[in-house]
$ cat protein_32.tsv   # TSV, C-alpha atoms and all ligand atoms
chain	number	residue	atom	x	y	z
A	1	MET	CA	0.00	0.00	0.00
A	2	PHE	CA	1.02	3.59	-0.64
A	3	ILE	CA	0.97	6.42	1.92
A	4	ASP	CA	-0.23	9.88	0.83
A	5	LEU	CA	1.90	11.83	3.27
A	6	HIS	CA	0.32	15.25	2.76
A	7	THR	CA	-3.24	16.27	1.83
A	8	HIS	CA	-5.93	18.80	2.68
A	9	ILE	CA	-8.90	16.44	2.39
A	10	ASP	CA	-10.65	18.36	5.19
A	11	GLN	CA	-11.27	21.13	2.64
A	12	TYR	CA	-13.58	18.90	0.58
A	13	GLU	CA	-17.29	18.65	1.33
A	14	PRO	CA	-17.73	16.04	4.08
A	15	GLU	CA	-20.04	13.93	1.90
A	16	GLU	CA	-17.20	13.55	-0.63
A	17	LEU	CA	-14.87	11.79	1.77
A	18	PRO	CA	-16.15	8.21	1.92
A	19	GLY	CA	-16.03	7.97	-1.90
A	20	MET	CA	-12.65	9.66	-2.12
A	21	LEU	CA	-11.13	7.35	0.48
A	22	ALA	CA	-12.65	4.30	-1.21
A	23	ARG	CA	-11.12	5.38	-4.54
A	24	ALA	CA	-7.78	5.85	-2.75
A	25	TYR	CA	-7.96	2.39	-1.24
A	26	GLU	CA	-8.82	0.89	-4.62
A	27	ALA	CA	-5.67	2.57	-5.99
A	28	GLU	CA	-3.68	0.96	-3.14
A	29	VAL	CA	-3.33	4.20	-1.18
A	30	GLY	CA	-4.10	2.87	2.28
A	31	VAL	CA	-3.06	5.83	4.43
A	32	VAL	CA	-3.89	9.51	3.94
A	33	VAL	CA	-2.43	12.23	6.17
A	34	ALA	CA	-4.77	15.22	6.45
A	35	SER	CA	-2.82	18.34	7.40
A	36	GLY	CA	-4.27	21.50	8.87
A	37	VAL	CA	-3.50	25.01	7.65
A	38	THR	CA	-5.24	26.86	10.51
A	39	VAL	CA	-6.27	25.95	14.06
A	40	GLU	CA	-9.82	25.29	12.80
A	41	SER	CA	-8.79	23.10	9.88
A	42	THR	CA	-6.38	21.19	12.13
A	43	ARG	CA	-9.37	20.40	14.32
A	44	ARG	CA	-11.28	19.13	11.27
A	45	CYS	CA	-8.28	16.96	10.33
A	46	LEU	CA	-8.32	15.37	13.78
A	47	ASP	CA	-12.07	14.75	13.46
A	48	LEU	CA	-11.53	13.02	10.09
A	49	ALA	CA	-8.73	10.92	11.54
A	50	HIS	CA	-11.06	9.81	14.33
A	51	GLU	CA	-13.85	9.05	11.86
A	52	PHE	CA	-11.99	7.20	9.09
A	53	GLU	CA	-9.58	4.31	9.42
A	54	GLY	CA	-6.55	5.09	7.27
A	55	VAL	CA	-6.70	8.84	7.89
A	56	PHE	CA	-4.13	10.42	10.21
A	57	ALA	CA	-3.67	14.07	11.07
A	58	GLY	CA	-1.07	16.81	10.79
A	59	VAL	CA	-1.15	19.81	13.13
A	60	GLY	CA	-0.12	23.27	12.02
A	61	VAL	CA	-0.78	26.76	10.73
A	62	HIS	CA	0.37	27.40	7.15
A	63	PRO	CA	2.62	30.46	6.67
A	64	SER	CA	0.22	31.90	4.05
A	65	ASP	CA	-2.68	31.66	6.51
A	66	LEU	CA	-1.05	33.84	9.16
A	67	ALA	CA	-2.92	37.07	9.87
A	68	GLY	CA	-0.21	38.08	12.36
A	69	ASP	CA	1.75	36.42	15.14
A	70	LEU	CA	0.18	33.24	16.50
A	71	GLU	CA	-1.44	34.04	19.82
A	72	GLN	CA	-0.70	32.09	22.99
A	73	GLY	CA	-4.22	30.64	22.92
A	74	GLU	CA	-3.71	29.35	19.39
A	75	LEU	CA	-0.36	27.80	20.29
A	76	ASP	CA	-1.96	26.17	23.32
A	77	GLN	CA	-4.66	24.65	21.11
A	78	LEU	CA	-2.08	23.40	18.61
A	79	ARG	CA	0.00	21.89	21.42
A	80	HIS	CA	-3.04	20.18	22.88
A	81	MET	CA	-4.11	18.77	19.51
A	82	ALA	CA	-0.53	17.64	18.79
A	83	THR	CA	-0.77	15.14	21.65
A	84	ASP	CA	-3.78	13.38	20.10
A	85	ASP	CA	-3.21	9.74	19.11
A	86	SER	CA	-4.32	10.41	15.53
A	87	VAL	CA	-1.60	13.02	14.95
A	88	VAL	CA	1.53	11.79	13.17
A	89	VAL	CA	3.23	14.99	11.92
A	90	MET	CA	3.57	18.72	12.56
A	91	SER	CA	2.18	20.08	9.27
A	92	GLU	CA	1.53	22.26	7.44
A	93	VAL	CA	4.12	24.69	8.69
A	94	GLY	CA	6.95	26.52	6.99
A	95	LEU	CA	8.04	29.63	5.13
A	96	ASP	CA	6.64	31.18	1.95
A	97	HIS	CA	8.45	34.18	0.51
A	98	GLN	CA	6.25	34.93	-2.49
A	99	ASP	CA	5.47	38.64	-2.93
A	100	HIS	CA	1.94	38.48	-1.53
A	101	SER	CA	2.90	36.34	1.48
A	102	PRO	CA	2.61	37.53	5.10
A	103	ASP	CA	5.50	39.40	6.75
A	104	ARG	CA	8.64	37.25	6.84
A	105	ALA	CA	9.44	37.92	10.49
A	106	VAL	CA	5.88	36.91	11.46
A	107	GLN	CA	6.23	33.72	9.42
A	108	GLU	CA	9.55	32.84	11.00
A	109	ARG	CA	8.26	33.39	14.54
A	110	ALA	CA	5.20	31.22	13.83
A	111	PHE	CA	7.35	28.51	12.27
A	112	ARG	CA	9.80	28.51	15.17
A	113	ALA	CA	6.98	28.43	17.73
A	114	GLN	CA	5.44	25.41	16.00
A	115	LEU	CA	8.82	23.68	15.74
A	116	GLY	CA	9.04	24.22	19.49
A	117	ILE	CA	5.77	22.32	19.92
A	118	ALA	CA	7.08	19.59	17.60
A	119	HIS	CA	10.07	19.20	19.95
A	120	GLU	CA	7.85	19.10	23.03
A	121	VAL	CA	5.68	16.36	21.54
A	122	ASP	CA	8.46	14.73	19.48
A	123	LEU	CA	6.69	15.06	16.12
A	124	PRO	CA	8.34	14.88	12.68
A	125	VAL	CA	7.83	18.05	10.63
A	126	VAL	CA	6.42	18.09	7.09
A	127	PHE	CA	7.27	21.57	5.92
A	128	HIS	CA	6.33	24.02	3.18
A	129	MET	CA	9.17	26.01	1.63
A	130	ARG	CA	8.44	28.28	-1.29
A	131	GLU	CA	11.02	30.76	-2.55
A	132	ALA	CA	12.54	30.58	0.93
A	133	THR	CA	15.17	27.86	0.74
A	134	ALA	CA	18.07	29.68	2.41
A	135	ASP	CA	15.95	30.94	5.32
A	136	MET	CA	14.29	27.56	5.64
A	137	LEU	CA	17.56	25.65	5.87
A	138	ARG	CA	18.87	28.16	8.43
A	139	VAL	CA	15.78	27.83	10.65
A	140	LEU	CA	15.69	24.04	10.30
A	141	ARG	CA	19.33	23.89	11.46
A	142	GLU	CA	18.89	26.37	14.29
A	143	GLU	CA	15.76	24.59	15.51
A	144	ARG	CA	17.49	21.18	15.35
A	145	VAL	CA	14.94	19.59	13.02
A	146	SER	CA	17.35	16.69	12.47
A	147	GLU	CA	16.33	15.49	15.95
A	148	LEU	CA	12.71	15.26	14.76
A	149	GLY	CA	12.99	14.26	11.12
A	150	GLY	CA	10.44	15.26	8.55
A	151	ALA	CA	9.97	16.00	4.87
A	152	ALA	CA	10.16	18.87	2.39
A	153	HIS	CA	6.62	18.77	1.07
A	154	TYR	CA	5.69	19.26	-2.62
A	155	PHE	CA	9.38	19.47	-3.44
A	156	GLN	CA	10.26	21.25	-6.69
A	157	GLY	CA	13.79	22.43	-5.93
A	158	SER	CA	17.26	21.69	-7.26
A	159	HIS	CA	19.51	18.74	-6.55
A	160	GLU	CA	21.61	20.92	-4.20
A	161	GLU	CA	18.50	21.92	-2.24
A	162	ALA	CA	17.39	18.31	-2.03
A	163	SER	CA	20.83	17.29	-0.75
A	164	ALA	CA	20.74	20.00	1.92
A	165	VAL	CA	17.32	18.77	3.10
A	166	ILE	CA	18.54	15.16	3.20
A	167	ASP	CA	21.65	16.25	5.13
A	168	LEU	CA	19.24	17.46	7.82
A	169	GLY	CA	17.73	13.98	8.02
A	170	CYS	CA	14.57	14.99	6.16
A	171	TYR	CA	12.89	13.29	3.22
A	172	ILE	CA	11.99	14.71	-0.19
A	173	SER	CA	8.24	14.53	-0.74
A	174	LEU	CA	7.27	14.32	-4.41
A	175	ALA	CA	3.86	15.10	-5.84
A	176	LYS	CA	2.24	15.51	-9.25
A	177	PRO	CA	4.59	18.26	-10.50
A	178	LEU	CA	6.93	15.30	-11.16
A	179	LEU	CA	4.65	14.36	-14.05
A	180	ARG	CA	5.20	17.64	-15.91
A	181	LEU	CA	8.46	19.35	-14.84
A	182	PRO	CA	11.52	18.09	-16.76
A	183	GLU	CA	13.98	19.73	-14.30
A	184	LEU	CA	12.28	18.05	-11.35
A	185	GLN	CA	12.36	14.75	-13.21
A	186	GLU	CA	16.14	15.07	-13.56
A	187	VAL	CA	16.48	15.87	-9.85
A	188	ALA	CA	14.25	12.91	-8.89
A	189	ARG	CA	16.15	10.52	-11.14
A	190	ALA	CA	19.33	11.20	-9.18
A	191	LEU	CA	17.80	11.21	-5.69
A	192	PRO	CA	18.40	8.15	-3.52
A	193	LEU	CA	15.12	6.19	-3.35
A	194	GLU	CA	15.58	5.77	0.41
A	195	TRP	CA	15.02	9.52	0.88
A	196	ILE	CA	11.83	9.88	-1.18
A	197	VAL	CA	8.23	9.91	0.06
A	198	LEU	CA	5.03	10.60	-1.90
A	199	GLU	CA	2.05	12.90	-1.50
A	200	THR	CA	-0.71	14.66	-3.47
A	201	ASP	CA	-1.25	17.87	-1.42
A	202	CYS	CA	-4.83	17.51	-2.67
A	203	TYR	CA	-7.51	20.11	-1.99
A	204	PRO	CA	-10.65	21.07	-3.94
A	205	GLN	CA	-9.68	22.44	-7.37
A	206	PRO	CA	-12.77	23.98	-9.00
A	207	PHE	CA	-10.47	25.94	-11.35
A	208	LYS	CA	-9.72	22.64	-13.11
A	209	GLY	CA	-13.31	22.35	-14.24
A	210	MET	CA	-14.50	18.77	-14.30
A	211	ARG	CA	-14.57	17.16	-10.87
A	212	GLU	CA	-12.81	14.07	-12.25
A	213	LYS	CA	-9.71	16.18	-12.87
A	214	TRP	CA	-9.27	17.31	-9.27
A	215	THR	CA	-6.27	15.79	-7.52
A	216	GLU	CA	-7.13	13.15	-4.96
A	217	PRO	CA	-5.09	10.65	-2.88
A	218	ARG	CA	-5.83	8.04	-5.58
A	219	ASP	CA	-3.28	9.92	-7.74
A	220	VAL	CA	-0.26	8.83	-5.66
A	221	PRO	CA	0.35	5.84	-7.99
A	222	LEU	CA	0.74	8.26	-10.93
A	223	VAL	CA	3.67	9.91	-9.15
A	224	ALA	CA	5.07	6.50	-8.23
A	225	ALA	CA	4.82	5.30	-11.83
A	226	LYS	CA	6.69	8.36	-13.10
A	227	LEU	CA	9.41	7.88	-10.50
A	228	ALA	CA	9.69	4.18	-11.42
A	229	GLU	CA	10.01	5.12	-15.09
A	230	LEU	CA	12.69	7.73	-14.35
A	231	LYS	CA	14.71	5.31	-12.24
A	232	GLY	CA	14.12	2.29	-14.47
A	233	ILE	CA	12.66	0.22	-11.64
A	234	GLU	CA	9.29	-1.42	-10.92
A	235	VAL	CA	6.41	0.55	-9.41
A	236	ALA	CA	6.23	-2.13	-6.70
A	237	GLU	CA	9.74	-1.17	-5.58
A	238	VAL	CA	8.74	2.50	-5.40
A	239	MET	CA	5.70	1.57	-3.32
A	240	GLU	CA	7.70	-0.61	-0.97
A	241	SER	CA	10.47	1.97	-0.47
A	242	THR	CA	8.37	5.12	-0.16
A	243	THR	CA	6.01	3.47	2.31
A	244	ALA	CA	8.94	2.12	4.35
A	245	ASN	CA	10.53	5.60	4.26
A	246	ALA	CA	7.36	7.30	5.48
A	247	LEU	CA	7.02	4.80	8.32
A	248	LYS	CA	10.67	5.31	9.28
A	249	MET	CA	10.06	9.06	9.38
A	250	LEU	CA	7.06	8.54	11.68
A	251	ARG	CA	9.25	6.55	14.13
A	252	HIS	CA	7.26	5.44	17.20
A	253	ARG	CA	4.02	6.51	15.52
A	254	ALA	CA	4.61	4.11	12.63
A	255	ASP	CA	2.97	1.13	14.38
A	256	ARG	CA	-0.42	2.83	14.44
A	257	VAL	CA	-0.10	3.66	10.75
A	258	SER	CA	1.23	0.33	9.52
A	259	ALA	CA	-1.60	-1.42	11.41
A	260	VAL	CA	-4.08	-0.21	8.77
A	261	ILE	CA	-2.10	-1.11	5.64
A	301	ZN	ZN	-0.27	21.43	1.66

$ encode --input "protein_32.tsv" --output "structure tokens"
Amino acid sequence: MFIDLHTHIDQYEPEELPGMLARAYEAEVGVVVASGVTVESTRRCLDLAHEFEGVFAGVGVHPSDLAGDLEQGELDQLRHMATDDSVVVMSEVGLDHQDHSPDRAVQERAFRAQLGIAHEVDLPVVFHMREATADMLRVLREERVSELGGAAHYFQGSHEEASAVIDLGCYISLAKPLLRLPELQEVARALPLEWIVLETDCYPQPFKGMREKWTEPRDVPLVAAKLAELKGIEVAEVMESTTANALKMLRHRADRVSAVI
């Protein structure tokens, strides 16, 4: 079975979820991690994880969703939720330095505060880094993320950036951009399979028109097939390795996850 290490399935209409998870299971995606982007959506992710076998939760506030510094009350709620049995990662947290993004100092404080919670609860960190590689690597080093492990989610960077992430003991999480970006394909071809995990980052995509075209967890095998093709190996080997890698990253939480696949 595959693991979809990073999704936003809580953003879909609740009535969509049983069908979506059944389609995932049919595609051999047996575990879906639902990651929050705000305190409220984190709570929804926990609810989904409690409701559906195969769904686990990530706790975090996304850098683009920050209206200002995280308040003590919000951090307390995140910390409390992070101790829930259904939570397997601190996510989605990180840095986003696009022009329209929130103030960089605010983002860094929020990221560091959430990494602090990850240390308190001993959670691996699945992080967002967009146009912020240098700052991200600096904060990850300063906040000793190598003690926690984690993954660079929706990775689209260079080989050098991937190597720097791996040097910190974090995995490279590949998603559907691998199907269409030649530069990323070259990077992925050279990456050691033992440092790759898979995800879809799926959320509702009405801009794509037809509902059938929206990304769902069932699309993980497409990414796996492309990776297998690039590396000249069987898809089964990609499944076996990426699932084993994800479980290794989850450390003592892996038992709960592997019990359902
Ligand atoms: Zn995401």

$ atom_distance --input "protein_32.tsv" --atom1 "atom CA of Ala259 of chain A" --atom2 "atom CA of Ala236 of chain A"
19.7 Å

$ residues_around --input "protein_32.tsv" --residues "Leu78 of chain A" --least-positions-apart "3" --cutoff "10 Å" --atoms "all atoms listed in the file" --output "ChimeraX atom specification"
/A:38-40,42-43,59-61,72-75,81-83,90,114,117-118

$ residues_near_ligand --input "protein_32.tsv" --ligand "ligand ZN 301 (chain A)" --cutoff "9 Å" --atoms "all atoms listed in the file" --output "ChimeraX atom specification"
/A:6-8,35-37,62,91-93,127-128,153-154,200-203

$ write_last_selection --input "protein_32.tsv" --atoms "C-alpha atoms" --output "PDB file, in the frame of the given file"
ATOM      1  CA  HIS A   6       0.320  15.250   2.760  1.00  0.00           C
ATOM      2  CA  THR A   7      -3.240  16.270   1.830  1.00  0.00           C
ATOM      3  CA  HIS A   8      -5.930  18.800   2.680  1.00  0.00           C
ATOM      4  CA  SER A  35      -2.820  18.340   7.400  1.00  0.00           C
ATOM      5  CA  GLY A  36      -4.270  21.500   8.870  1.00  0.00           C
ATOM      6  CA  VAL A  37      -3.500  25.010   7.650  1.00  0.00           C
ATOM      7  CA  HIS A  62       0.370  27.400   7.150  1.00  0.00           C
ATOM      8  CA  SER A  91       2.180  20.080   9.270  1.00  0.00           C
ATOM      9  CA  GLU A  92       1.530  22.260   7.440  1.00  0.00           C
ATOM     10  CA  VAL A  93       4.120  24.690   8.690  1.00  0.00           C
ATOM     11  CA  PHE A 127       7.270  21.570   5.920  1.00  0.00           C
ATOM     12  CA  HIS A 128       6.330  24.020   3.180  1.00  0.00           C
ATOM     13  CA  HIS A 153       6.620  18.770   1.070  1.00  0.00           C
ATOM     14  CA  TYR A 154       5.690  19.260  -2.620  1.00  0.00           C
ATOM     15  CA  THR A 200      -0.710  14.660  -3.470  1.00  0.00           C
ATOM     16  CA  ASP A 201      -1.250  17.870  -1.420  1.00  0.00           C
ATOM     17  CA  CYS A 202      -4.830  17.510  -2.670  1.00  0.00           C
ATOM     18  CA  TYR A 203      -7.510  20.110  -1.990  1.00  0.00           C
TER      19      TYR A 203
END

$ atom_distance --input "protein_32.tsv" --atom1 "atom CA of Phe111 of chain A" --atom2 "atom CA of Asp255 of chain A"
27.8 Å

$ residues_around --input "protein_32.tsv" --residues "Pro14 of chain A" --least-positions-apart "4" --cutoff "12 Å" --atoms "only C-alpha atoms" --output "VMD selection string"
chain A and resid 9 to 10 18 to 21 44 to 45 47 to 48 51 to 52 204

$ write_last_selection --input "protein_32.tsv" --atoms "C-alpha atoms" --output "compact mmCIF listing (two decimals), in the frame of the given file"
# COMPACT_ATOMS: atom_id res chain seq x y z
CA ILE A 9 -8.90 16.44 2.39
CA ASP A 10 -10.65 18.36 5.19
CA PRO A 18 -16.15 8.21 1.92
CA GLY A 19 -16.03 7.97 -1.90
CA MET A 20 -12.65 9.66 -2.12
CA LEU A 21 -11.13 7.35 0.48
CA ARG A 44 -11.28 19.13 11.27
CA CYS A 45 -8.28 16.96 10.33
CA ASP A 47 -12.07 14.75 13.46
CA LEU A 48 -11.53 13.02 10.09
CA GLU A 51 -13.85 9.05 11.86
CA PHE A 52 -11.99 7.20 9.09
CA PRO A 204 -10.65 21.07 -3.94

$ axis_aligned_box --input "protein_32.tsv" --around "segment 85-99 of chain A" --padding-each-side "5 Å" --output "AutoDock Vina command-line options"
--center_x 2.1 --center_y 24.2 --center_z 8.1 --size_x 22.8 --size_y 38.9 --size_z 32.0

$ residues_near_point --input "protein_32.tsv" --point "(4.0, 0.1, -12.9)" --cutoff "7 Å" --atoms "all atoms listed in the file" --output "list in words"
Ala225, Glu234, Val235 and Ala236 of chain A

$ residues_around --input "protein_32.tsv" --residues "Met239 of chain A" --least-positions-apart "4" --cutoff "12 Å" --atoms "only C-alpha atoms" --output "ChimeraX atom specification"
/A:1-4,27-30,193-194,196-198,220-228,233-235,243-246

$ residues_around --input "protein_32.tsv" --residues "Ser163 of chain A" --least-positions-apart "4" --cutoff "10 Å" --atoms "all atoms listed in the file" --output "PDB file with C-alpha atoms, in the frame of the given file"
ATOM      1  CA  SER A 158      17.260  21.690  -7.260  1.00  0.00           C
ATOM      2  CA  HIS A 159      19.510  18.740  -6.550  1.00  0.00           C
ATOM      3  CA  ASP A 167      21.650  16.250   5.130  1.00  0.00           C
ATOM      4  CA  LEU A 168      19.240  17.460   7.820  1.00  0.00           C
ATOM      5  CA  GLY A 169      17.730  13.980   8.020  1.00  0.00           C
ATOM      6  CA  CYS A 170      14.570  14.990   6.160  1.00  0.00           C
ATOM      7  CA  TYR A 171      12.890  13.290   3.220  1.00  0.00           C
ATOM      8  CA  ILE A 172      11.990  14.710  -0.190  1.00  0.00           C
ATOM      9  CA  LEU A 191      17.800  11.210  -5.690  1.00  0.00           C
ATOM     10  CA  PRO A 192      18.400   8.150  -3.520  1.00  0.00           C
ATOM     11  CA  TRP A 195      15.020   9.520   0.880  1.00  0.00           C
TER      12      TRP A 195
END

$ closest_residue --input "protein_32.tsv" --among "A:Val257, A:Arg144, A:Met136, A:Val89" --to "Gly116 of chain A" --atoms "only C-alpha atoms"
A:Arg144

$ atom_distance --input "protein_32.tsv" --atom1 "atom CA of Ala67 of chain A" --atom2 "atom CA of Val106 of chain A"
8.9 Å

$ closest_residue --input "protein_32.tsv" --among "A:Ala175, A:Ala151, A:Met129, A:Ala254" --to "Asp85 of chain A" --atoms "all atoms listed in the file"
A:Ala254

$ build_atoms --input "protein_32.tsv" --residues "segment 198-225 of chain A" --atoms "N, CA and C atoms" --output "tab-separated table (two decimals), keeping the file's coordinate frame"
chain	number	residue	atom	x	y	z
A	198	LEU	N	6.00	10.14	-0.90
A	198	LEU	CA	5.03	10.60	-1.90
A	198	LEU	C	3.82	11.27	-1.25
A	199	GLU	N	3.22	12.18	-2.00
A	199	GLU	CA	2.05	12.90	-1.50
A	199	GLU	C	1.26	13.44	-2.69
A	200	THR	N	0.04	13.95	-2.42
A	200	THR	CA	-0.71	14.66	-3.47
A	200	THR	C	-0.95	16.13	-3.13
A	201	ASP	N	-0.91	16.50	-1.83
A	201	ASP	CA	-1.25	17.87	-1.42
A	201	ASP	C	-2.66	18.23	-1.91
A	202	CYS	N	-3.54	17.25	-2.01
A	202	CYS	CA	-4.83	17.51	-2.67
A	202	CYS	C	-5.75	18.41	-1.84
A	203	TYR	N	-6.49	19.21	-2.56
A	203	TYR	CA	-7.51	20.11	-1.99
A	203	TYR	C	-8.49	20.35	-3.14
A	204	PRO	N	-9.68	20.88	-2.86
A	204	PRO	CA	-10.65	21.07	-3.94
A	204	PRO	C	-10.10	22.02	-5.00
A	205	GLN	N	-10.26	21.65	-6.28
A	205	GLN	CA	-9.68	22.44	-7.37
A	205	GLN	C	-10.73	22.80	-8.43
A	206	PRO	N	-11.71	23.62	-8.04
A	206	PRO	CA	-12.77	23.98	-9.00
A	206	PRO	C	-12.23	24.65	-10.26
A	207	PHE	N	-11.05	25.29	-10.18
A	207	PHE	CA	-10.47	25.94	-11.35
A	207	PHE	C	-10.11	24.94	-12.45
A	208	LYS	N	-10.04	23.65	-12.09
A	208	LYS	CA	-9.72	22.64	-13.11
A	208	LYS	C	-10.95	22.19	-13.89
A	209	GLY	N	-12.10	22.74	-13.52
A	209	GLY	CA	-13.31	22.35	-14.24
A	209	GLY	C	-13.82	21.02	-13.74
A	210	MET	N	-13.88	20.05	-14.64
A	210	MET	CA	-14.50	18.77	-14.30
A	210	MET	C	-13.98	18.17	-13.00
A	211	ARG	N	-14.91	17.73	-12.17
A	211	ARG	CA	-14.57	17.16	-10.87
A	211	ARG	C	-13.57	16.00	-10.99
A	212	GLU	N	-13.68	15.23	-12.06
A	212	GLU	CA	-12.81	14.07	-12.25
A	212	GLU	C	-11.34	14.47	-12.33
A	213	LYS	N	-11.09	15.74	-12.69
A	213	LYS	CA	-9.71	16.18	-12.87
A	213	LYS	C	-9.05	16.65	-11.57
A	214	TRP	N	-9.85	16.83	-10.52
A	214	TRP	CA	-9.27	17.31	-9.27
A	214	TRP	C	-8.33	16.24	-8.70
A	215	THR	N	-7.23	16.72	-8.14
A	215	THR	CA	-6.27	15.79	-7.52
A	215	THR	C	-6.89	15.17	-6.27
A	216	GLU	N	-6.65	13.89	-6.14
A	216	GLU	CA	-7.13	13.15	-4.96
A	216	GLU	C	-6.01	12.20	-4.52
A	217	PRO	N	-6.11	11.62	-3.32
A	217	PRO	CA	-5.09	10.65	-2.88
A	217	PRO	C	-4.91	9.49	-3.85
A	218	ARG	N	-5.95	9.15	-4.61
A	218	ARG	CA	-5.83	8.04	-5.58
A	218	ARG	C	-4.76	8.31	-6.64
A	219	ASP	N	-4.27	9.57	-6.73
A	219	ASP	CA	-3.28	9.92	-7.74
A	219	ASP	C	-1.84	9.60	-7.32
A	220	VAL	N	-1.62	9.17	-6.09
A	220	VAL	CA	-0.26	8.83	-5.66
A	220	VAL	C	0.42	7.83	-6.62
A	221	PRO	N	-0.30	6.79	-7.09
A	221	PRO	CA	0.35	5.84	-7.99
A	221	PRO	C	0.86	6.46	-9.29
A	222	LEU	N	0.25	7.58	-9.72
A	222	LEU	CA	0.74	8.26	-10.93
A	222	LEU	C	2.15	8.80	-10.68
A	223	VAL	N	2.35	9.38	-9.50
A	223	VAL	CA	3.67	9.91	-9.15
A	223	VAL	C	4.67	8.76	-9.02
A	224	ALA	N	4.20	7.68	-8.40
A	224	ALA	CA	5.07	6.50	-8.23
A	224	ALA	C	5.48	5.92	-9.58
A	225	ALA	N	4.53	5.87	-10.52
A	225	ALA	CA	4.82	5.30	-11.83
A	225	ALA	C	5.84	6.15	-12.57
